[in-house]
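What follows is a single structure, written as structure tokens, with notes after it.
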Amino acid sequence: LQTRFEGWLPPRGLRSSYDVFLSYRWTGGLDDEIAEGLFFRLSEEVVDGRAVQVFWDRQRLEHGRNFQADFAGALAASRVVVPLVSQRALTRMHRLKAESGCDNLLLEWTLSVVLQQGGVLSALLPIMFGAELDPQATPKDISADTASPPACVASLFAAGGPGSLPEVMVAAVHHEASAALHSLGHAAQGVSRLEGLSVKGTVGALTKYLGVAAWQLSL
């Protein structure tokens with residue numbers, strides 16, 4: 001049945017390559033919803049006669065395997081990485097110290113920056129958003145007859161955004177990133193680029209790529 005109805009079923013399991021890699025924090029909220037929506041919407045697209053292949057951990061990772069290695073392998077085998085850079089995704093990063101354990105999302109973003117700079121990835125396309133806003137609430141500075149309705153999320157660069165992240169290099173993240181680059185055969189292009197990549201520097205590098213600023217969109 002799996003083979004017979006493959007064209008109608010959501011794609012599952014690991015592949016040798018992907019068009020898009022979705023990198024996000026499990027928050028139980030908007031981040032998860034956007035990642036899920038992007039996966040199913042993009043997976044319906046057909047380019048050059050084939051379906052677009054998207055890596056979303058909930059559909060692609062397989063039981064009994066090293067998930068960190070599979071994440072890194074899938075990321076390096078993707079053409080475009082789409083990081084969901086949100087206020088909630090950054091919350092844990094604000095508390096990171098040099099001796100903290102490995103933050104897997106920061107690890108993904110560190111590898112993304114290094115692999116993009118090394119020419120392994122074709123593009124980084126961040127989707128950025130701050131705190132969720134009440135779409136029914138009308139801010140005092142917006143008149144009732146305003147042509148465009150207010151955004152549903154605040155700016156990522158408001159108080160508590162990337163600019164206030166710690167200027168520290170998390171040793172565990174750098175260790176795992178270096179190990180992944182060696183394992184994937186990208187050590188020559190990547191390991192030297194890890195030097196000086198702090199938490200703030202990594203997120204700052206991501207947000208410099210032309211992406212989607214969700215607060216500029218309206219409902």
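Convention: chains lettered A, B, ... in structure tokens order; per-chain residue numbering from 1; ligands numbered from 1 as shown.
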
- Hey, what's within 12 Å of Val113 of chain A if we count only C-alpha atoms and toss same-chain stuff fewer than 3 positions away? As a PyMOL selection string, please? chain A and resi 75-76+80-83+106-110+116-126+177+189-191+193-194+197-199+201-209

- Mind the document's chain letters and residue numbers, and return as an MDAnalysis selection string the residues of segment 40-174 of chain A that DSSP labels strand (DSSP E). chainID A and resid 46:47 50:51 54:55 78:86 123:124 127:129

Based on the selection just made, write N, CA and C atoms of those residues as a PDB file, in the first residue's frame.
ATOM      1  N   VAL A  46       5.645  20.695  -7.072  1.00  0.00           N
ATOM      2  CA  VAL A  46       6.388  19.884  -8.046  1.00  0.00           C
ATOM      3  C   VAL A  46       7.296  20.822  -8.843  1.00  0.00           C
ATOM      4  N   VAL A  47       8.589  20.525  -8.853  1.00  0.00           N
ATOM      5  CA  VAL A  47       9.572  21.332  -9.584  1.00  0.00           C
ATOM      6  C   VAL A  47      10.372  20.399 -10.493  1.00  0.00           C
ATOM      7  N   ARG A  50       9.349  16.676 -10.356  1.00  0.00           N
ATOM      8  CA  ARG A  50       9.436  15.877  -9.129  1.00  0.00           C
ATOM      9  C   ARG A  50       8.952  16.685  -7.941  1.00  0.00           C
ATOM     10  N   ALA A  51       8.547  15.974  -6.893  1.00  0.00           N
ATOM     11  CA  ALA A  51       8.048  16.634  -5.693  1.00  0.00           C
ATOM     12  C   ALA A  51       9.193  17.297  -4.935  1.00  0.00           C
ATOM     13  N   VAL A  54      11.279  17.966   1.560  1.00  0.00           N
ATOM     14  CA  VAL A  54      11.429  18.826   2.730  1.00  0.00           C
ATOM     15  C   VAL A  54      11.802  17.997   3.951  1.00  0.00           C
ATOM     16  N   PHE A  55      12.790  18.476   4.711  1.00  0.00           N
ATOM     17  CA  PHE A  55      13.137  17.814   5.971  1.00  0.00           C
ATOM     18  C   PHE A  55      12.407  18.514   7.111  1.00  0.00           C
ATOM     19  N   SER A  78      20.955  19.465   2.207  1.00  0.00           N
ATOM     20  CA  SER A  78      19.849  20.304   1.760  1.00  0.00           C
ATOM     21  C   SER A  78      20.352  21.471   0.923  1.00  0.00           C
ATOM     22  N   ARG A  79      19.496  21.948   0.039  1.00  0.00           N
ATOM     23  CA  ARG A  79      19.845  23.115  -0.774  1.00  0.00           C
ATOM     24  C   ARG A  79      19.581  24.414  -0.019  1.00  0.00           C
ATOM     25  N   VAL A  80      18.440  24.469   0.659  1.00  0.00           N
ATOM     26  CA  VAL A  80      18.032  25.683   1.365  1.00  0.00           C
ATOM     27  C   VAL A  80      17.660  25.329   2.798  1.00  0.00           C
ATOM     28  N   VAL A  81      18.164  26.100   3.752  1.00  0.00           N
ATOM     29  CA  VAL A  81      17.775  25.940   5.156  1.00  0.00           C
ATOM     30  C   VAL A  81      16.863  27.105   5.526  1.00  0.00           C
ATOM     31  N   VAL A  82      15.725  26.770   6.154  1.00  0.00           N
ATOM     32  CA  VAL A  82      14.758  27.779   6.584  1.00  0.00           C
ATOM     33  C   VAL A  82      14.702  27.765   8.110  1.00  0.00           C
ATOM     34  N   PRO A  83      15.462  28.667   8.778  1.00  0.00           N
ATOM     35  CA  PRO A  83      15.407  28.751  10.234  1.00  0.00           C
ATOM     36  C   PRO A  83      14.215  29.606  10.671  1.00  0.00           C
ATOM     37  N   LEU A  84      13.440  29.104  11.622  1.00  0.00           N
ATOM     38  CA  LEU A  84      12.364  29.895  12.204  1.00  0.00           C
ATOM     39  C   LEU A  84      12.944  30.606  13.427  1.00  0.00           C
ATOM     40  N   VAL A  85      13.290  31.864  13.246  1.00  0.00           N
ATOM     41  CA  VAL A  85      13.952  32.635  14.291  1.00  0.00           C
ATOM     42  C   VAL A  85      12.880  33.445  15.019  1.00  0.00           C
ATOM     43  N   SER A  86      12.453  32.934  16.165  1.00  0.00           N
ATOM     44  CA  SER A  86      11.359  33.548  16.899  1.00  0.00           C
ATOM     45  C   SER A  86      11.800  33.945  18.303  1.00  0.00           C
ATOM     46  N   ALA A 123      21.278  28.489  -0.051  1.00  0.00           N
ATOM     47  CA  ALA A 123      20.696  29.691   0.542  1.00  0.00           C
ATOM     48  C   ALA A 123      20.247  29.442   1.974  1.00  0.00           C
ATOM     49  N   LEU A 124      20.180  30.547   2.733  1.00  0.00           N
ATOM     50  CA  LEU A 124      19.545  30.570   4.054  1.00  0.00           C
ATOM     51  C   LEU A 124      18.370  31.533   3.949  1.00  0.00           C
ATOM     52  N   ILE A 127      12.821  32.867   8.615  1.00  0.00           N
ATOM     53  CA  ILE A 127      11.490  33.414   8.875  1.00  0.00           C
ATOM     54  C   ILE A 127      11.539  33.932  10.302  1.00  0.00           C
ATOM     55  N   MET A 128      11.367  35.241  10.471  1.00  0.00           N
ATOM     56  CA  MET A 128      11.595  35.889  11.762  1.00  0.00           C
ATOM     57  C   MET A 128      10.297  36.458  12.327  1.00  0.00           C
ATOM     58  N   PHE A 129      10.078  36.237  13.621  1.00  0.00           N
ATOM     59  CA  PHE A 129       8.886  36.798  14.268  1.00  0.00           C
ATOM     60  C   PHE A 129       9.092  36.886  15.777  1.00  0.00           C
TER      61      PHE A 129
END

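Among the candidates A:Glu99, A:Gln59, A:Pro11, A:Tyr18, the residue lying nearest to Ser43 of chain A is A:Pro11 (atoms considered: only C-alpha atoms).
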
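If only C-alpha atoms are the atoms counted, then among A:Ser178, A:Val173, A:Ala158, A:Trp26 the closest residue to Ser100 of chain A is A:Val173.
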
- Query: Looking only at the backbone, which of the residues in chain A does DSSP tag as alpha helix (DSSP H), as a VMD selection string?
  - Reply: chain A and resid 30 to 43 57 to 60 67 to 76 87 to 91 104 to 117 171 to 184 187 to 194 199 to 207

Neighbours of Arg95 of chain A within 10 Å (only C-alpha atoms; same-chain residues fewer than 3 positions away dropped), as an mmCIF file with all heavy atoms, in the first residue's frame?
data_model
loop_
_atom_site.group_PDB
_atom_site.id
_atom_site.type_symbol
_atom_site.label_atom_id
_atom_site.label_comp_id
_atom_site.auth_asym_id
_atom_site.auth_seq_id
_atom_site.Cartn_x
_atom_site.Cartn_y
_atom_site.Cartn_z
ATOM 1 N N LEU A 90 14.438 31.896 20.892
ATOM 2 C CA LEU A 90 15.617 32.524 21.479
ATOM 3 C C LEU A 90 15.614 32.517 23.003
ATOM 4 O O LEU A 90 16.662 32.747 23.619
ATOM 5 C CB LEU A 90 15.741 33.966 20.990
ATOM 6 C CG LEU A 90 15.918 34.193 19.485
ATOM 7 C CD1 LEU A 90 16.096 35.683 19.216
ATOM 8 C CD2 LEU A 90 17.076 33.400 18.935
ATOM 9 N N THR A 91 14.462 32.246 23.612
ATOM 10 C CA THR A 91 14.350 32.346 25.067
ATOM 11 C C THR A 91 15.417 31.534 25.786
ATOM 12 O O THR A 91 16.107 32.023 26.688
ATOM 13 C CB THR A 91 12.950 31.897 25.533
ATOM 14 O OG1 THR A 91 11.974 32.768 24.958
ATOM 15 C CG2 THR A 91 12.838 31.944 27.050
ATOM 16 N N ARG A 92 15.579 30.277 25.397
ATOM 17 C CA ARG A 92 16.579 29.419 26.046
ATOM 18 C C ARG A 92 17.993 29.909 25.768
ATOM 19 O O ARG A 92 18.889 29.796 26.604
ATOM 20 C CB ARG A 92 16.415 27.977 25.571
ATOM 21 C CG ARG A 92 17.259 26.964 26.339
ATOM 22 C CD ARG A 92 17.121 25.573 25.746
ATOM 23 N NE ARG A 92 15.736 25.147 25.675
ATOM 24 C CZ ARG A 92 15.347 24.031 25.072
ATOM 25 N NH1 ARG A 92 16.239 23.259 24.457
ATOM 26 N NH2 ARG A 92 14.072 23.686 25.056
ATOM 27 N N SER A 100 27.427 25.642 29.267
ATOM 28 C CA SER A 100 26.101 25.035 29.113
ATOM 29 C C SER A 100 26.166 23.777 28.254
ATOM 30 O O SER A 100 27.112 23.577 27.486
ATOM 31 C CB SER A 100 25.122 26.027 28.486
ATOM 32 O OG SER A 100 24.912 27.150 29.313
ATOM 33 N N LEU A 165 21.300 38.821 23.127
ATOM 34 C CA LEU A 165 21.819 37.471 23.355
ATOM 35 C C LEU A 165 23.246 37.537 23.903
ATOM 36 O O LEU A 165 23.972 38.502 23.651
ATOM 37 C CB LEU A 165 21.804 36.664 22.048
ATOM 38 C CG LEU A 165 20.431 36.208 21.568
ATOM 39 C CD1 LEU A 165 20.510 35.719 20.122
ATOM 40 C CD2 LEU A 165 19.862 35.116 22.465
ATOM 41 N N PRO A 166 23.670 36.513 24.635
ATOM 42 C CA PRO A 166 25.013 36.541 25.229
ATOM 43 C C PRO A 166 26.131 36.400 24.194
ATOM 44 O O PRO A 166 26.011 35.637 23.238
ATOM 45 C CB PRO A 166 25.006 35.352 26.194
ATOM 46 C CG PRO A 166 23.956 34.435 25.665
ATOM 47 C CD PRO A 166 22.905 35.321 25.058
#

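With only C-alpha atoms taken into account, the protein and nucleic acid residues at most 10 Å from segment 60-67 of chain A (excluding it and anything under 5 positions from it in its own chain) are Pro11, Arg12, Gly13, Leu14, Arg15, Val54, Phe55, Ala72, Gly73 and Ala74 of chain A.
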
Writer output for current selection, all heavy atoms, as a CSV table (one decimal), in the first residue's frame:
chain,number,residue,atom,x,y,z
A,11,PRO,N,5.2,12.5,2.8
A,11,PRO,CA,6.6,11.9,2.7
A,11,PRO,C,7.1,11.6,4.1
A,11,PRO,O,7.0,12.4,5.0
A,11,PRO,CB,7.4,12.9,2.0
A,11,PRO,CG,6.7,14.2,2.1
A,11,PRO,CD,5.3,13.9,2.2
A,12,ARG,N,7.7,10.4,4.3
A,12,ARG,CA,8.3,10.1,5.6
A,12,ARG,C,9.7,9.5,5.4
A,12,ARG,O,10.1,9.0,4.3
A,12,ARG,CB,7.4,9.0,6.3
A,12,ARG,CG,6.0,9.5,6.6
A,12,ARG,CD,5.3,8.4,7.4
A,12,ARG,NE,5.9,8.3,8.8
A,12,ARG,CZ,5.5,9.1,9.8
A,12,ARG,NH1,4.5,10.0,9.6
A,12,ARG,NH2,6.0,8.9,11.0
A,13,GLY,N,10.5,9.4,6.4
A,13,GLY,CA,11.8,8.8,6.4
A,13,GLY,C,12.9,9.6,5.8
A,13,GLY,O,12.7,10.7,5.2
A,14,LEU,N,14.1,9.2,6.1
A,14,LEU,CA,15.3,9.9,5.6
A,14,LEU,C,15.6,9.7,4.1
A,14,LEU,O,15.2,8.7,3.6
A,14,LEU,CB,16.5,9.4,6.4
A,14,LEU,CG,16.5,9.7,7.9
A,14,LEU,CD1,17.5,9.0,8.7
A,14,LEU,CD2,16.6,11.2,8.1
A,15,ARG,N,16.2,10.7,3.5
A,15,ARG,CA,16.6,10.7,2.1
A,15,ARG,C,18.0,11.1,2.0
A,15,ARG,O,18.6,11.6,2.9
A,15,ARG,CB,15.7,11.6,1.3
A,15,ARG,CG,14.2,11.3,1.2
A,15,ARG,CD,13.5,12.3,0.4
A,15,ARG,NE,14.1,12.6,-0.9
A,15,ARG,CZ,13.8,11.8,-2.0
A,15,ARG,NH1,12.9,10.8,-1.9
A,15,ARG,NH2,14.4,12.1,-3.1
A,54,VAL,N,11.3,18.0,1.6
A,54,VAL,CA,11.4,18.8,2.7
A,54,VAL,C,11.8,18.0,4.0
A,54,VAL,O,11.2,16.9,4.2
A,54,VAL,CB,10.1,19.6,3.0
A,54,VAL,CG1,10.3,20.6,4.2
A,54,VAL,CG2,9.6,20.3,1.8
A,55,PHE,N,12.8,18.5,4.7
A,55,PHE,CA,13.1,17.8,6.0
A,55,PHE,C,12.4,18.5,7.1
A,55,PHE,O,12.6,19.7,7.4
A,55,PHE,CB,14.6,17.8,6.2
A,55,PHE,CG,15.0,17.1,7.5
A,55,PHE,CD1,15.4,15.8,7.5
A,55,PHE,CD2,15.0,17.8,8.8
A,55,PHE,CE1,15.7,15.1,8.7
A,55,PHE,CE2,15.3,17.1,9.9
A,55,PHE,CZ,15.7,15.8,9.9
A,72,ALA,N,22.3,16.6,11.3
A,72,ALA,CA,23.4,17.2,10.7
A,72,ALA,C,23.6,16.8,9.2
A,72,ALA,O,23.8,17.6,8.3
A,72,ALA,CB,24.7,16.9,11.5
A,73,GLY,N,23.4,15.5,9.0
A,73,GLY,CA,23.5,14.9,7.7
A,73,GLY,C,22.4,15.5,6.7
A,73,GLY,O,22.7,15.8,5.6
A,74,ALA,N,21.2,15.6,7.3
A,74,ALA,CA,20.1,16.1,6.4
A,74,ALA,C,20.4,17.6,6.1
A,74,ALA,O,20.1,18.1,5.0
A,74,ALA,CB,18.8,16.0,7.2

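Atom to atom, atom CA of Gly37 of chain A and atom CA of Trp56 of chain A stand 10.4 Å apart.
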
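Residue nearest Ala131 of chain A within the list A:Ala159, A:Val168, A:Leu115, A:Leu42: A:Ala159 [criterion: smallest interatomic distance, only C-alpha atoms].
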
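The closest residue to Gln68 of chain A, picked from A:Ser17, A:Val170, A:Leu105, A:Thr27 and counting only C-alpha atoms, is A:Leu105.
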
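A straight line drawn from atom CA of Ser155 of chain A to atom CA of Trp215 of chain A is 5.5 Å long.
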
- The residue from A:Gln87, A:Gly49, A:Asp57, A:Gly163 with the smallest atom-to-atom distance to Ala35 of chain A, counting only C-alpha atoms, is A:Asp57

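Distances here use only C-alpha atoms; by that measure, the residue among A:Leu210, A:Phe40, A:Asp32, A:Ala89 closest to Asp103 of chain A is A:Ala89.
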